[in-house]
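**Q** The structure's right below; bear with me while I get my questions together.
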Amino acid sequence: MSEYLPQDNNENSLWVETAVAGPESESLNESMQADVLVVGGGYTGLSAALHLAEKGVSVVLLEAKNIGFGGSGRNAGLVNAGIWKTPDDVQNLIGPDAAKRFNLALRDSPALVFDLVERFNLQCQAERCGTVHIAHRADAMAYLEDRCQQLQKLGAAAQLIDGSQAEAISGSPLYRHGGILDPGAGTVHPLSYARSLAKAAINRGVRLFQHSGIESLNRYNDRWLAKTANGEVIAEQAIIAINAYADAKSKKVRKSTLPVFIFHCATPPLPAEIAASIIPQRHGLWDTDSLLTSSRIDAEGRLVMSAPGRLHGFQRRIRESWMMRKRDRLYPQLKGTPWAYQWSGQIGVTSTKILRVQLLAPGLFAPAGYNGRGIGVGTVMGKQLADTIASGNRDDFPFPIEALYREKWSKMRAAYYDYGTLALEFFSSRG
Ligand SMILES: Cc1cc2nc3c(=O)[nH]c(=O)nc-3n(C[C@H](O)[C@H](O)[C@H](O)COP(=O)(O)OP(=O)(O)OC[C@H]3O[C@@H](n4cnc5c(N)ncnc54)[C@H](O)[C@@H]3O)c2cc1C
């Protein structure tokens, strides 16, 4: 367990406790050849590996720790379409033609996730029950109305809901202003989704090794040579899918985003009548508050909430108590219920809030910076990279490919963000 969540050994992840078993795989201790090397066992790497294997491409996947060790095993499990930015924001940033491809590829990302779940019988408590971007105040509705119009213009199934629908969906007297319902979105058990994807990939022939972090990656006879502590892989092409969990050796990826933390608290399984009164149809919710909070109920009737911040050292008590006060205001029937689980994870944030695909060297892709929206994005990204590599044709790749990019002052800005959210939580938990 301590290896799973290294930021704080006292973390106690609900997902680790309740996930399906991980794949049986050893660490790499030989020399191997493959068409494609995938580095990183999160959704991006796993989806790329699975889709490549389906096309008959030989793949080795190397994961430094265990499958789902990064964001993919720690997130809230809300399978949402698109990204944080609206379709128009994307257009303003990358231009109309590129934005069209980008927005359309991610509009349907929940469909790809739930398709894979069905096609490969992935055991991950998937529920296509819809998600709601919910207004925390009446004046947030203007933004949501505009966002919803943009989504509808793109052909998304998003629909505006009014205050009484929002209250009925959430079971909260505070979420009474309305929101955007995406009926095609839903929830998964995030770690089980990652582990099941890994097993599906292995069944399709992917050679997958855990506890096999790459320590170097160099050109060797026109191919890529990756070395781990006890083995090596030689491959024609490589995908570096290490995102926000890039270690200090992977500087080019690490420095391309700001490392920002999100934490979760979850209750024990709630008595049936209380669980039925909170988010009764099991939607995933995230609100418009500046300290964005998400809520969902898991398969055993626990309320799982998330918000920005880390649970390191003294910060933990402040954040947990802030989250409990917020929870009790949103769902007053839970007053007096303790938290049973607390855990955190890192997301990669970019200044533009738009993901980035860096071309580290010719043919060497490193996607990162999903800004906390990665179940759909990572799954689509993996598939798109697989299609591009297998076809050798980049024309249909829907995301802009950049040369190296470095976020400036990333450590300082991440610390500012971290302590900023802490101060807000500290003062609002006393207010
Ligand atoms: C707390 C939290 C809540 C979130 N909530 C949501 C949500 O509700 N919905 C949503 O869509 N998204 C959410 N996200 C975002 C989402 O989880 C991520 O964007 C997504 O998991 C990224 O997947 P990935 O495969 O790109 O990277 P990761 O899952 O981070 O995988 C990268 C992997 O690379 C490995 N690695 C690193 N270095 C090496 C190396 N040298 N050699 C080999 N392997 C290496 C790491 O160990 C890690 O397993 C959340 C994220 C967090 C942290």
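How things are named: the first chain in the structure tokens is A, the next is B, and so on; residues count from 1 in each chain; ligands count from 1 in the order shown.
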As a PyMOL selection string, please: the residues near Ser256 of chain A (cut-off 7 Å, only C-alpha atoms, same-chain neighbours under 2 positions excluded).
**A** chain A and resi 252-254+405-407
**Q** Using C-alpha atoms, can you write the selected residues to a file as a CSV table (one decimal), in the first residue's frame?
**A**
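The file below, part_5.csv, is the result:
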```
chain,number,residue,atom,x,y,z
A,252,LYS,CA,11.0,17.0,-20.8
A,253,VAL,CA,7.7,15.5,-19.9
A,254,ARG,CA,7.8,16.6,-16.3
A,405,TYR,CA,7.3,23.0,-24.4
A,406,ARG,CA,8.3,24.0,-20.9
A,407,GLU,CA,5.9,25.5,-18.4
```
**Q** Applying 7 Å and only C-alpha atoms, which residues near segment 56-72 of chain A remain after dropping the ones on its own chain fewer than 4 positions away? List them as a list in words.
**A**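 Contacts, with the query itself left out: Tyr4, Ala34, Asp35, Val36, Leu37, Val38, Val39, Gly40, Gly41, Gly42, Tyr43, Ala49, Leu52, Pro190, Leu191, Ala194, Arg195, Val206, Arg207, Leu208, Phe209, Gln210, His211, Ser212, Gly213, Tyr245, Gly345, Gln346 and Ile347 of chain A.
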**Q** Show which residues sit within 9 Å of Leu258 of chain A, as a VMD selection string. Count only C-alpha atoms, and ignore same-chain residues fewer than 6 positions away.
**A** chain A and resid 244 347 to 351 369 407 to 411 413 to 414
